[in-house]
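work_0.cif follows (mmCIF, C-alpha atoms and all ligand atoms):
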data_my_file
#
loop_
_atom_site.label_atom_id
_atom_site.label_comp_id
_atom_site.auth_asym_id
_atom_site.auth_seq_id
_atom_site.Cartn_x
_atom_site.Cartn_y
_atom_site.Cartn_z
CA MET A 1 132.92 58.37 164.05
CA ALA A 2 131.55 60.94 166.47
CA VAL A 3 128.69 61.99 164.25
CA LEU A 4 126.90 58.67 164.02
CA THR A 5 128.17 56.26 166.61
CA GLY A 6 128.52 59.16 169.05
CA SER A 7 124.79 59.90 168.95
CA CYS A 8 123.88 56.22 168.37
CA ARG A 9 120.96 57.44 166.32
CA ARG A 10 119.49 55.19 163.71
CA ILE A 11 119.58 56.39 160.15
CA LYS A 12 117.99 55.55 156.81
CA ARG A 13 118.04 57.00 153.32
CA SER A 14 115.82 59.96 152.64
CA ASN A 15 112.36 59.21 151.17
CA CYS A 16 112.73 62.12 148.80
CA LEU A 17 115.56 61.04 146.51
CA VAL A 18 115.44 60.93 142.72
CA PHE A 19 118.38 59.71 140.63
CA PHE A 20 118.85 60.69 137.00
CA PHE A 21 121.50 60.71 134.30
CA GLU A 22 122.75 63.99 132.83
CA GLN A 23 125.79 64.49 130.66
CA GLY A 24 127.03 60.98 131.37
CA ARG A 25 126.84 61.37 135.14
CA ILE A 26 124.46 60.10 137.78
CA HIS A 27 122.86 62.86 139.80
CA CYS A 28 120.97 62.50 143.04
CA CYS A 29 118.37 65.09 143.98
CA ASN A 30 116.66 65.47 147.31
CA TYR A 31 113.59 67.37 146.16
CA LEU A 32 112.43 68.22 149.66
CA THR A 33 115.64 69.88 150.77
CA ASP A 34 116.46 71.27 147.31
CA THR A 35 119.84 69.52 147.28
CA GLN A 36 121.53 68.01 144.26
CA VAL A 37 124.80 66.08 144.28
CA GLU A 38 126.75 63.97 141.84
CA SER A 39 126.30 60.28 142.55
CA SER A 40 127.87 56.92 141.61
CA PRO A 41 126.75 53.26 141.32
CA VAL A 42 128.43 52.53 144.68
CA LEU A 43 126.49 55.30 146.35
CA VAL A 44 123.24 54.04 144.81
CA ALA A 45 124.00 50.57 146.20
CA LEU A 46 124.80 51.99 149.64
CA LEU A 47 121.60 54.04 149.73
CA ALA A 48 119.62 51.01 148.54
CA MET A 49 120.81 49.22 151.69
CA LEU A 50 119.63 52.02 153.92
CA ASP A 51 115.99 51.36 153.13
CA ARG A 52 115.00 51.13 156.81
CA TRP A 53 116.21 52.56 160.12
CA ARG A 54 119.60 51.04 160.89
CA THR A 55 122.00 51.52 163.79
CA PRO A 56 125.63 52.54 163.06
CA ALA A 57 126.78 49.07 164.24
CA GLU A 58 124.36 47.36 161.84
CA ILE A 59 125.66 49.46 158.94
CA GLU A 60 129.24 48.57 159.77
CA ARG A 61 128.32 44.89 159.78
CA LEU A 62 126.64 45.25 156.36
CA LEU A 63 129.71 47.01 154.96
CA SER A 64 132.29 44.71 156.53
CA GLY A 65 134.70 45.12 153.58
CA TYR A 66 135.16 48.84 154.38
CA SER A 67 137.03 50.46 157.23
CA SER A 68 134.98 51.93 160.02
CA ALA A 69 136.54 55.36 159.43
CA SER A 70 135.61 55.43 155.75
CA ILE A 71 132.03 54.30 156.51
CA GLN A 72 131.66 57.04 159.11
CA ARG A 73 133.10 59.65 156.75
CA THR A 74 130.73 58.64 153.96
CA LEU A 75 127.68 58.55 156.18
CA HIS A 76 128.57 61.92 157.62
CA GLU A 77 128.79 63.35 154.12
CA LEU A 78 125.50 61.75 153.09
CA LYS A 79 123.82 63.22 156.14
CA ALA A 80 125.27 66.67 155.46
CA ASN A 81 123.84 66.46 151.93
CA THR A 82 120.46 65.29 153.31
CA LEU A 83 120.64 61.96 151.42
CA VAL A 84 120.34 60.07 154.72
CA VAL A 85 118.12 61.06 157.62
CA GLU A 86 118.64 60.65 161.34
CA HIS A 87 115.77 59.20 163.34
CA GLY A 88 113.89 61.95 165.19
CA SER A 89 115.54 64.76 163.24
CA GLU A 90 113.76 67.77 161.74
CA GLN A 91 114.28 66.29 158.26
CA ALA A 92 112.73 62.98 159.33
CA LYS A 93 109.73 64.90 160.69
CA ARG A 94 109.31 66.87 157.43
CA GLU A 95 109.51 63.67 155.40
CA SER A 96 106.89 61.93 157.51
CA GLU A 97 104.54 64.88 156.85
CA LEU A 98 104.68 64.01 153.14
CA ALA A 99 102.93 60.66 153.70
CA PRO A 100 99.64 61.88 152.10
CA TRP A 101 101.59 62.41 148.84
CA ASP A 102 102.17 58.64 148.51
CA VAL A 103 98.91 58.27 146.56
CA TRP A 104 100.28 60.56 143.82
CA GLY A 105 103.53 58.69 143.22
CA VAL A 106 107.06 60.07 143.00
CA GLU A 107 106.45 62.04 139.80
CA ALA A 108 103.92 64.49 141.26
CA ARG A 109 105.80 65.12 144.50
CA PHE A 110 109.12 65.44 142.70
CA PHE A 111 107.75 68.09 140.33
CA HIS A 112 105.92 69.95 143.09
CA PHE A 113 108.77 70.18 145.57
CA VAL A 114 111.61 70.61 143.13
CA THR A 115 109.94 73.66 141.53
CA ARG A 116 108.68 75.43 144.62
CA ASN A 117 111.87 77.37 145.28
CA ALA A 118 112.58 78.13 141.62
CA TYR A 119 112.40 81.89 142.16
CA ARG A 120 114.56 81.99 145.26
CA GLY A 121 117.71 83.03 143.44
CA ALA A 122 115.98 84.55 140.38
CA PRO A 123 116.84 88.06 139.24
CA ALA A 124 114.62 90.72 140.80
CA VAL A 125 113.33 91.95 137.43
CA LEU A 126 111.69 89.08 135.60
CA ASP A 127 110.40 90.96 132.57
CA ASP A 128 113.63 92.67 131.66
CA ALA A 129 113.54 93.45 127.91
CA SER A 130 117.30 92.83 127.65
CA ILE A 131 116.74 89.19 128.69
CA ASP A 132 114.17 88.76 125.90
CA LEU A 133 116.42 90.48 123.39
CA ALA A 134 119.31 88.17 124.24
CA LEU A 135 117.01 85.14 123.95
CA ALA A 136 115.67 86.26 120.56
CA ARG A 137 119.23 86.81 119.35
CA SER A 138 120.36 83.34 120.42
CA SER A 139 117.43 81.65 118.64
CA PRO A 140 114.22 82.96 117.07
CA GLN A 141 111.13 82.61 119.24
CA PRO A 142 108.77 79.81 118.20
CA GLY A 143 105.76 80.91 116.14
CA GLN A 144 102.56 81.15 118.16
CA ILE A 145 100.17 80.20 115.37
CA LYS A 146 99.87 76.65 114.13
CA LYS A 147 98.88 76.17 110.46
CA TYR A 148 97.96 73.10 108.44
CA ALA A 149 99.32 74.07 105.03
CA GLY A 150 96.99 73.10 102.21
CA ALA A 151 94.08 72.22 104.52
CA ARG A 152 90.65 73.33 103.32
CA GLN A 153 89.57 76.39 105.30
CA PHE A 154 86.11 77.36 106.50
CA LEU A 155 85.43 80.99 107.23
CA LEU A 156 83.62 81.38 110.57
CA PRO A 157 80.65 83.76 110.72
CA ASP A 158 81.36 87.35 111.67
CA ILE A 159 80.40 87.99 115.32
CA THR A 160 80.92 91.77 115.41
CA SER A 161 77.23 92.45 116.06
CA ARG A 162 77.37 90.18 119.15
CA LEU A 163 80.30 91.97 120.71
CA ASP A 164 78.29 94.96 121.86
CA SER A 165 76.98 93.39 125.05
CA GLU A 166 78.32 93.19 128.58
CA PHE A 167 79.88 89.72 128.63
CA PRO A 168 82.01 90.09 125.47
CA ARG A 169 82.94 93.62 126.54
CA VAL A 170 84.31 92.24 129.82
CA LEU A 171 86.15 89.41 128.07
CA LEU A 172 87.71 91.77 125.57
CA ALA A 173 88.66 94.36 128.17
CA ARG A 174 90.60 91.95 130.43
CA ARG A 175 94.27 92.86 130.56
CA THR A 176 97.07 92.28 133.03
CA HIS A 177 97.66 95.58 134.88
CA ARG A 178 100.93 96.49 136.53
CA CYS A 179 100.24 100.17 137.26
CA PHE A 180 97.49 101.30 139.60
CA ALA A 181 95.83 104.59 140.45
CA ALA A 182 96.21 105.92 144.02
CA GLY A 183 93.28 105.50 146.39
CA ARG A 184 91.46 102.75 148.22
CA LEU A 185 89.44 99.92 146.75
CA PRO A 186 85.77 100.31 147.72
CA LEU A 187 84.78 97.52 150.11
CA GLU A 188 81.69 96.69 148.07
CA LYS A 189 83.78 96.01 144.94
CA PHE A 190 86.25 93.98 146.99
CA SER A 191 83.38 91.96 148.40
CA ALA A 192 81.88 91.35 144.94
CA LEU A 193 85.27 90.22 143.64
CA VAL A 194 85.81 87.73 146.47
CA ARG A 195 82.27 86.41 146.39
CA LEU A 196 82.17 85.99 142.61
CA THR A 197 85.53 84.21 142.57
CA TRP A 198 85.67 82.07 145.69
CA GLY A 199 82.17 82.23 147.16
CA ILE A 200 79.92 79.18 147.34
CA THR A 201 77.14 79.56 144.80
CA GLY A 202 75.22 76.38 145.46
CA LYS A 203 75.30 72.72 146.43
CA LEU A 204 75.56 69.72 144.18
CA ARG A 205 74.20 66.33 145.19
CA TRP A 206 77.09 63.89 144.63
CA PRO A 207 76.16 60.19 144.67
CA GLY A 208 77.64 58.60 147.76
CA LEU A 209 79.06 61.86 149.13
CA GLY A 210 76.01 63.96 149.84
CA LYS A 211 75.95 67.67 149.01
CA LEU A 212 79.16 69.32 147.84
CA PRO A 213 79.67 73.06 147.39
CA VAL A 214 80.03 74.54 143.93
CA LYS A 215 81.51 77.89 142.89
CA THR A 216 81.69 80.02 139.73
CA SER A 217 84.77 78.04 138.58
CA PRO A 218 84.76 74.28 138.05
CA SER A 219 86.50 71.97 140.50
CA GLY A 220 87.63 68.42 139.63
CA GLY A 221 85.13 66.06 141.30
CA ALA A 222 83.78 69.08 143.27
CA ARG A 223 86.65 68.48 145.71
CA ASN A 224 87.21 72.26 146.15
CA PRO A 225 90.88 72.05 147.22
CA LEU A 226 91.52 75.80 146.86
CA GLU A 227 91.62 78.29 149.69
CA ALA A 228 91.98 82.07 149.35
CA TYR A 229 94.02 84.36 151.58
CA VAL A 230 94.35 88.07 151.00
CA TRP A 231 96.72 90.83 151.94
CA ALA A 232 94.39 93.81 152.12
CA LEU A 233 96.67 96.78 151.54
CA ARG A 234 94.33 99.58 150.47
CA VAL A 235 90.75 98.46 150.93
CA GLU A 236 88.17 100.87 152.37
CA GLY A 237 86.97 99.73 155.77
CA LEU A 238 89.42 96.86 156.11
CA PRO A 239 92.40 97.21 158.42
CA ARG A 240 95.59 96.53 156.50
CA GLY A 241 96.51 92.92 157.12
CA LEU A 242 96.40 89.28 156.15
CA TYR A 243 93.02 87.54 156.01
CA HIS A 244 91.59 84.13 155.14
CA TYR A 245 88.32 83.94 153.23
CA ARG A 246 85.68 81.72 154.87
CA ALA A 247 83.66 80.67 151.82
CA ASP A 248 80.86 78.99 153.82
CA VAL A 249 79.90 82.18 155.67
CA ASN A 250 81.31 84.71 153.17
CA ARG A 251 83.51 86.38 155.79
CA LEU A 252 87.12 87.34 156.17
CA GLU A 253 89.07 85.95 159.08
CA LEU A 254 91.83 88.28 160.24
CA MET A 255 95.06 86.32 160.58
CA ARG A 256 97.48 89.17 161.20
CA ARG A 257 97.18 92.94 161.30
CA GLY A 258 99.63 95.01 159.25
CA ALA A 259 101.54 94.17 156.08
CA SER A 260 104.86 95.24 154.62
CA VAL A 261 104.61 96.00 150.89
CA ALA A 262 108.38 95.60 150.57
CA ARG A 263 108.09 92.07 151.97
CA ILE A 264 105.10 91.28 149.72
CA ALA A 265 107.02 92.42 146.61
CA ARG A 266 109.92 90.23 147.73
CA LEU A 267 107.64 87.23 148.15
CA CYS A 268 106.49 87.85 144.55
CA ALA A 269 110.09 87.36 143.38
CA GLY A 270 110.96 91.06 143.58
CA GLN A 271 108.16 92.44 141.38
CA GLU A 272 108.25 95.93 142.87
CA TRP A 273 105.10 97.19 141.09
CA ILE A 274 103.02 94.86 143.27
CA ARG A 275 103.62 97.28 146.18
CA ASN A 276 101.00 99.61 144.66
CA CYS A 277 98.11 97.18 144.33
CA ALA A 278 95.11 97.37 146.66
CA ALA A 279 94.88 93.67 147.52
CA LEU A 280 96.91 90.58 146.79
CA PHE A 281 95.12 87.22 146.94
CA LEU A 282 97.05 84.00 147.49
CA MET A 283 95.54 80.76 146.32
CA THR A 284 96.57 77.64 148.20
CA ALA A 285 95.46 74.05 147.72
CA VAL A 286 94.49 71.71 150.55
CA LEU A 287 95.74 68.68 148.64
CA PRO A 288 94.20 65.85 150.74
CA ARG A 289 90.73 67.03 149.60
CA THR A 290 91.65 65.94 146.06
CA MET A 291 94.04 63.12 147.08
CA TRP A 292 91.28 61.47 149.06
CA ARG A 293 89.28 60.77 145.91
CA TYR A 294 91.85 60.78 143.10
CA ARG A 295 94.76 58.51 143.99
CA PHE A 296 96.96 58.96 140.91
CA SER A 297 99.54 61.53 139.93
CA ARG A 298 97.51 63.19 137.17
CA ALA A 299 95.21 64.57 139.85
CA TYR A 300 98.03 66.99 140.70
CA ARG A 301 97.50 68.53 137.26
CA VAL A 302 93.80 68.86 138.03
CA VAL A 303 94.58 70.99 141.07
CA LEU A 304 96.89 73.26 139.05
CA LEU A 305 94.31 73.61 136.28
CA GLU A 306 91.74 74.54 138.85
CA ALA A 307 93.84 77.42 140.12
CA GLY A 308 93.94 78.70 136.52
CA HIS A 309 90.15 78.62 136.33
CA PHE A 310 89.77 80.60 139.53
CA CYS A 311 92.34 83.13 138.44
CA GLN A 312 90.58 83.80 135.14
CA THR A 313 87.28 84.19 136.98
CA PHE A 314 89.01 86.65 139.29
CA CYS A 315 90.44 88.66 136.39
CA LEU A 316 87.09 88.80 134.59
CA ALA A 317 85.15 89.73 137.73
CA ALA A 318 87.67 92.49 138.47
CA THR A 319 87.44 93.76 134.90
CA TRP A 320 83.64 93.80 135.12
CA LEU A 321 83.97 95.84 138.33
CA GLY A 322 86.17 98.36 136.51
CA LEU A 323 89.25 97.30 138.49
CA ALA A 324 92.80 96.49 137.41
CA PRO A 325 93.61 92.77 137.90
CA PHE A 326 96.83 90.80 137.51
CA CYS A 327 98.15 87.36 138.29
CA THR A 328 101.57 86.04 139.14
CA ALA A 329 103.09 82.60 139.53
CA ALA A 330 106.49 84.07 140.40
CA LEU A 331 106.27 83.31 144.08
CA LEU A 332 108.64 82.29 146.84
CA ASP A 333 106.40 79.38 147.84
CA GLU A 334 108.20 78.26 150.95
CA GLU A 335 108.42 81.75 152.43
CA ILE A 336 104.78 82.51 151.58
CA GLU A 337 103.70 79.27 153.22
CA LYS A 338 105.60 80.30 156.35
CA GLU A 339 103.79 83.68 156.31
CA LEU A 340 100.49 81.81 156.11
CA GLY A 341 101.53 79.44 158.90
CA LEU A 342 101.50 76.42 156.57
CA GLY A 343 103.97 73.56 156.57
CA GLY A 344 103.62 73.23 152.79
CA ALA A 345 103.29 69.43 152.88
CA THR A 346 99.52 69.22 152.55
CA GLU A 347 98.44 72.83 152.01
CA CYS A 348 100.62 74.71 149.59
CA VAL A 349 100.56 78.00 147.71
CA LEU A 350 99.92 77.78 143.95
CA TYR A 351 99.10 81.15 142.50
CA ALA A 352 98.55 84.81 143.33
CA ALA A 353 96.07 87.27 141.87
CA GLY A 354 95.93 90.93 142.71
CA VAL A 355 93.89 93.99 142.03
CA GLY A 356 94.24 97.74 142.10
CA LEU A 357 92.35 100.80 141.01
CA GLN A 358 92.47 101.42 137.28
CA ASP A 359 94.71 104.10 135.94
CA ASP A 360 92.56 105.83 133.26
CA ARG A 361 95.51 106.76 131.08
CA LEU A 362 96.78 103.16 130.87
CA GLN A 363 93.25 101.87 130.44
CA ALA A 364 92.74 104.11 127.38
CA ALA A 365 95.84 102.55 125.81
CA ALA A 366 94.50 99.05 126.55
CA VAL A 367 91.17 99.89 124.95
CA ARG A 368 92.96 101.11 121.81
CA THR A 369 94.76 97.74 121.59
CA ASN A 370 91.45 95.91 121.96
CA ARG A 371 89.81 97.95 119.20
CA ARG A 372 92.49 96.77 116.83
CA LEU A 373 91.94 93.15 117.92
CA ASN A 374 88.17 93.50 117.51
CA ALA A 375 88.40 94.64 113.89
CA THR A 376 86.51 92.27 111.60
CA PRO A 377 88.94 89.64 110.33
CA ARG A 378 89.80 89.68 106.66
CA ARG A 379 88.26 86.97 104.53
CA ALA A 380 90.34 83.82 104.35
C1 LIG B 1 100.30 81.33 134.96
C2 LIG B 1 100.64 82.78 134.69
C3 LIG B 1 101.66 83.38 135.40
C4 LIG B 1 101.96 84.73 135.20
N1 LIG B 1 102.93 85.30 135.97
C5 LIG B 1 103.20 86.60 135.82
C6 LIG B 1 104.18 87.23 136.62
O1 LIG B 1 104.82 86.60 137.43
N2 LIG B 1 104.39 88.54 136.47
C7 LIG B 1 103.68 89.28 135.56
O2 LIG B 1 103.91 90.48 135.47
N3 LIG B 1 102.77 88.72 134.76
C8 LIG B 1 102.49 87.41 134.87
N4 LIG B 1 101.53 86.82 134.09
C9 LIG B 1 100.75 87.66 133.15
C10 LIG B 1 101.25 87.54 131.72
O3 LIG B 1 102.51 88.16 131.59
C11 LIG B 1 100.22 88.21 130.81
O4 LIG B 1 99.06 87.42 130.84
C12 LIG B 1 100.72 88.35 129.38
O5 LIG B 1 101.70 89.33 129.32
C13 LIG B 1 99.58 88.72 128.40
O6 LIG B 1 98.97 89.92 128.78
P1 LIG B 1 97.41 90.00 129.14
O7 LIG B 1 97.18 89.25 130.40
O8 LIG B 1 97.12 91.48 129.31
O9 LIG B 1 96.64 89.40 128.02
C14 LIG B 1 101.24 85.48 134.24
C15 LIG B 1 100.23 84.85 133.51
C16 LIG B 1 99.94 83.52 133.73
C17 LIG B 1 98.85 82.86 132.92
#
Please rewrite the model in this file as structure tokens.
Ligand SMILES: Cc1cc2nc3c(=O)[nH]c(=O)nc-3n(C[C@H](O)[C@H](O)[C@H](O)COP(=O)(O)O)c2cc1C
Amino acid sequence: MAVLTGSCRRIKRSNCLVFFFEQGRIHCCNYLTDTQVESSPVLVALLAMLDRWRTPAEIERLLSGYSSASIQRTLHELKANTLVVEHGSEQAKRESELAPWDVWGVEARFFHFVTRNAYRGAPAVLDDASIDLALARSSPQPGQIKKYAGARQFLLPDITSRLDSEFPRVLLARRTHRCFAAGRLPLEKFSALVRLTWGITGKLRWPGLGKLPVKTSPSGGARNPLEAYVWALRVEGLPRGLYHYRADVNRLELMRRGASVARIARLCAGQEWIRNCAALFLMTAVLPRTMWRYRFSRAYRVVLLEAGHFCQTFCLAATWLGLAPFCTAALLDEEIEKELGLGGATECVLYAAGVGLQDDRLQAAAVRTNRRLNATPRRA
């Protein structure tokens, strides 16, 4: 009784609930608070009633067939599991911040929020060979080449003679690096990398909207939702710290001096090798830029695809500069967003890309692999 009637606060059901069936049971998930509980038809009916702010007395009137004590017990439990929200509470405030997501429907916000803490309890070593071995033993991995048996085949012309120019050389040399040479990244290379990846390269006249910026990667509707932040760890002439890239003036804005590589590795789900990179870039999306124009859930995909474009541009630019790039989606989103001072409701982290100095020994091994790949294919 004390919990609800004591405070006399109004309550309603959370806006972030999704119900689904699994193994014959109803489950209820609050995707914002990362809570999942087993549910029942009675509970669904009760929550359906709590569709607007109601006082404890009102709820008791609506549930007149139940004892006051049992109503209070149930509501207390629902509140503890974040299925109902108290007016004015922190949870109510967080939920109201999600209002811009309404244009993308439940499906986009469910997927986004339910997956953002996926790495929180993940094992520190993600690429452990023993995990892969166990998987391969339990079932063979799916083939990675699709074939249409019996289909007529057309041999494509040999392109070997075209490979000996700069662009194909860069494409073929791109690899994910996880070991880096000691030393500092020259500021000029750092600058080229940032500018070529996130810099504004021109303006596009968009009917009805005036001039919109364009970059080296495409952006759905030229909405440019992505922002870049960087932890400069070993960059010549840049104090170690966290920066935001101002694309319009091609400058870095210092957000915080100093950076702990142990913390950064932790935020990348315990990938310890990241400690040795020279700079780690975090890509976030300012979602309302895309939501404003595209008011359907598929636009969420567009934003994710866009991050992939920028990351590939980053990796190719770094390769061209003779650097060692990598990317990682294994991120503790919520903690990273806190580091960046973001609430996560409208600007959220999507992807990270980093760079270090190349280790010549490892690079030689990568080149050997590429030579094998570049061999002229056998005739079909
Ligand atoms: C979306 C995405 C996420 C990735 N996340 C990680 C990661 O968390 N850690 C990592 O070491 N590599 C990560 N990678 C890199 C892949 O493991 C790598 O691309 C793959 O092993 C093939 O090697 P290559 O990039 O040299 O061609 C990721 C790649 C992509 C496309």
Requested in this report: Using CA of Ala318 in chain A and CA of Gly221 in chain A as the two end points, give the distance in Å to one decimal.
Outcome: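 Result for CA of Ala318 in chain A versus CA of Gly221 in chain A: 26.7 Å, one decimal.
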Give one line per residue of chain A that approaches ligand LIG 1 (chain B) to at most 6 Å, naming the two atoms of the closest pair and their distance in Å to one decimal, counting all atoms listed in the file; sort by chain then ascending residue number and deliver it as CSV.
residue,atom,partner,partner_atom,distance
A:Arg175,CA,B:LIG1,O8,3.4
A:Thr176,CA,B:LIG1,O8,3.8
A:Cys327,CA,B:LIG1,N4,5.4
A:Thr328,CA,B:LIG1,N1,3.5
A:Ala329,CA,B:LIG1,C3,4.4
A:Ala330,CA,B:LIG1,O1,4.2
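With CA of Arg246 in chain A on one side and CA of Pro100 in chain A on the other, the separation reads 24.4 Å.
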Query raised in the report: Between A:Gln36, A:Asn15, A:Thr346, A:Thr319, which is the closest to Arg169 in chain A once you count only C-alpha atoms?
Result: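 Result for the nearest residue to Arg169 in chain A: A:Thr319.
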Query raised in the report: Counting only C-alpha atoms, what is within 12 Å of Arg289 in chain A, bar same-chain residues fewer than 3 positions away, as a list in words?
Result: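 Within the cut-off, the hits are Pro100, Trp101, Leu212, Ser219, Gly220, Gly221, Ala222, Arg223, Asn224, Pro225, Leu226, Glu227, Ala285, Val286, Trp292, Arg293, Tyr294, Arg295, Ala299, Tyr300, Val303, Thr346 and Glu347 of chain A.
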Report task. Calculate how many Å separate CA of Ile26 in chain A from CA of Ala48 in chain A, rounding to one decimal. Result ->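 Value for the CA of Ile26 in chain A-CA of Ala48 in chain A distance: 14.9 Å.
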For a cut-off of 12 Å around (101.3, 78.5, 155.3), file coordinates, pick out all residues using all atoms listed in the file and list them as a PDB file with C-alpha atoms, keeping the file's coordinate frame.
ATOM      1  CA  GLU A 227      91.620  78.290 149.690  1.00  0.00           C
ATOM      2  CA  ALA A 228      91.980  82.070 149.350  1.00  0.00           C
ATOM      3  CA  TYR A 229      94.020  84.360 151.580  1.00  0.00           C
ATOM      4  CA  LEU A 242      96.400  89.280 156.150  1.00  0.00           C
ATOM      5  CA  HIS A 244      91.590  84.130 155.140  1.00  0.00           C
ATOM      6  CA  MET A 255      95.060  86.320 160.580  1.00  0.00           C
ATOM      7  CA  LEU A 282      97.050  84.000 147.490  1.00  0.00           C
ATOM      8  CA  MET A 283      95.540  80.760 146.320  1.00  0.00           C
ATOM      9  CA  THR A 284      96.570  77.640 148.200  1.00  0.00           C
ATOM     10  CA  ALA A 285      95.460  74.050 147.720  1.00  0.00           C
ATOM     11  CA  VAL A 286      94.490  71.710 150.550  1.00  0.00           C
ATOM     12  CA  LEU A 332     108.640  82.290 146.840  1.00  0.00           C
ATOM     13  CA  ASP A 333     106.400  79.380 147.840  1.00  0.00           C
ATOM     14  CA  GLU A 334     108.200  78.260 150.950  1.00  0.00           C
ATOM     15  CA  GLU A 335     108.420  81.750 152.430  1.00  0.00           C
ATOM     16  CA  ILE A 336     104.780  82.510 151.580  1.00  0.00           C
ATOM     17  CA  GLU A 337     103.700  79.270 153.220  1.00  0.00           C
ATOM     18  CA  LYS A 338     105.600  80.300 156.350  1.00  0.00           C
ATOM     19  CA  GLU A 339     103.790  83.680 156.310  1.00  0.00           C
ATOM     20  CA  LEU A 340     100.490  81.810 156.110  1.00  0.00           C
ATOM     21  CA  GLY A 341     101.530  79.440 158.900  1.00  0.00           C
ATOM     22  CA  LEU A 342     101.500  76.420 156.570  1.00  0.00           C
ATOM     23  CA  GLY A 343     103.970  73.560 156.570  1.00  0.00           C
ATOM     24  CA  GLY A 344     103.620  73.230 152.790  1.00  0.00           C
ATOM     25  CA  ALA A 345     103.290  69.430 152.880  1.00  0.00           C
ATOM     26  CA  THR A 346      99.520  69.220 152.550  1.00  0.00           C
ATOM     27  CA  GLU A 347      98.440  72.830 152.010  1.00  0.00           C
ATOM     28  CA  CYS A 348     100.620  74.710 149.590  1.00  0.00           C
ATOM     29  CA  VAL A 349     100.560  78.000 147.710  1.00  0.00           C
ATOM     30  CA  LEU A 350      99.920  77.780 143.950  1.00  0.00           C
TER      31      LEU A 350
END
Query raised in the report: Contacts of range 16-23 of chain A at 8 Å or less, counting all atoms listed in the file, minus same-chain residues fewer than 5 places along, as an NGL selection string?
Result: :A and (28-32 or 83 or 95 or 110)
Query raised in the report: Between A:Ile71, A:Ser64, A:Arg109, A:Cys315, which has the minimum distance to Phe296 in chain A (counting all atoms listed in the file)?
Result: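 The closest residue to Phe296 in chain A is A:Arg109.
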What are the centre and the three edge lengths of an axis-aligned box that wraps all atoms of range 278-294 of chain A in the file, given that 8 Å is added to every side, written as JSON and rounded to one decimal in Å?
{"center_x": 93.2, "center_y": 79.1, "center_z": 146.9, "size_x": 23.8, "size_y": 52.6, "size_z": 23.6}
Query - range 234-239 of chain A environment, 9 Å, only C-alpha atoms, sequence neighbours closer than 5 positions dropped, as a ChimeraX atom specification - result: /A:183-188,190,257-258,276-279,356
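Among the candidate residues A:Arg361, A:Arg13, A:His177, A:Arg152, the one lying nearest to Lys79 in chain A is A:Arg13, with distances computed using all atoms listed in the file.
With all atoms listed in the file as the atoms that count, the residue of A:Trp273, A:Val214, A:Thr35, A:Ala232 with the shortest distance to Asn117 in chain A is A:Thr35.
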Query raised in the report: For Val106 in chain A, which residue among A:Pro207, A:Thr33, A:Ser297, A:Val261 is the nearest when counting only C-alpha atoms?
Result: A:Ser297
Report task. Point out the residue among A:Val355, A:Leu156, A:Leu98, A:Leu331 with the least atom-to-atom distance to Leu280 in chain A, counting all atoms listed in the file. Result -> A:Val355
Where atoms are lacking, range 25-32 of chain A completed to N, CA, C and O atoms, as a PDB file, keeping the file's coordinate frame:
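Final file, rebuild34.pdb:
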ATOM      1  N   ARG A  25     126.622  61.545 133.693  1.00  0.00           N
ATOM      2  CA  ARG A  25     126.840  61.370 135.140  1.00  0.00           C
ATOM      3  C   ARG A  25     125.525  61.055 135.839  1.00  0.00           C
ATOM      4  O   ARG A  25     124.458  61.464 135.366  1.00  0.00           O
ATOM      5  N   ILE A  26     125.661  60.361 136.973  1.00  0.00           N
ATOM      6  CA  ILE A  26     124.460  60.100 137.780  1.00  0.00           C
ATOM      7  C   ILE A  26     124.315  61.251 138.775  1.00  0.00           C
ATOM      8  O   ILE A  26     125.291  61.631 139.445  1.00  0.00           O
ATOM      9  N   HIS A  27     123.128  61.799 138.824  1.00  0.00           N
ATOM     10  CA  HIS A  27     122.860  62.860 139.800  1.00  0.00           C
ATOM     11  C   HIS A  27     121.823  62.365 140.795  1.00  0.00           C
ATOM     12  O   HIS A  27     120.945  61.583 140.442  1.00  0.00           O
ATOM     13  N   CYS A  28     121.943  62.838 142.007  1.00  0.00           N
ATOM     14  CA  CYS A  28     120.970  62.500 143.040  1.00  0.00           C
ATOM     15  C   CYS A  28     120.372  63.794 143.555  1.00  0.00           C
ATOM     16  O   CYS A  28     121.093  64.726 143.925  1.00  0.00           O
ATOM     17  N   CYS A  29     119.049  63.867 143.542  1.00  0.00           N
ATOM     18  CA  CYS A  29     118.370  65.090 143.980  1.00  0.00           C
ATOM     19  C   CYS A  29     117.484  64.761 145.171  1.00  0.00           C
ATOM     20  O   CYS A  29     116.722  63.791 145.134  1.00  0.00           O
ATOM     21  N   ASN A  30     117.632  65.533 146.234  1.00  0.00           N
ATOM     22  CA  ASN A  30     116.660  65.470 147.310  1.00  0.00           C
ATOM     23  C   ASN A  30     115.696  66.627 147.067  1.00  0.00           C
ATOM     24  O   ASN A  30     116.041  67.785 147.280  1.00  0.00           O
ATOM     25  N   TYR A  31     114.498  66.295 146.577  1.00  0.00           N
ATOM     26  CA  TYR A  31     113.590  67.370 146.160  1.00  0.00           C
ATOM     27  C   TYR A  31     112.973  68.110 147.329  1.00  0.00           C
ATOM     28  O   TYR A  31     112.506  69.226 147.173  1.00  0.00           O
ATOM     29  N   LEU A  32     113.001  67.515 148.512  1.00  0.00           N
ATOM     30  CA  LEU A  32     112.430  68.220 149.660  1.00  0.00           C
ATOM     31  C   LEU A  32     113.386  69.274 150.203  1.00  0.00           C
ATOM     32  O   LEU A  32     112.976  70.368 150.568  1.00  0.00           O
TER      33      LEU A  32
END
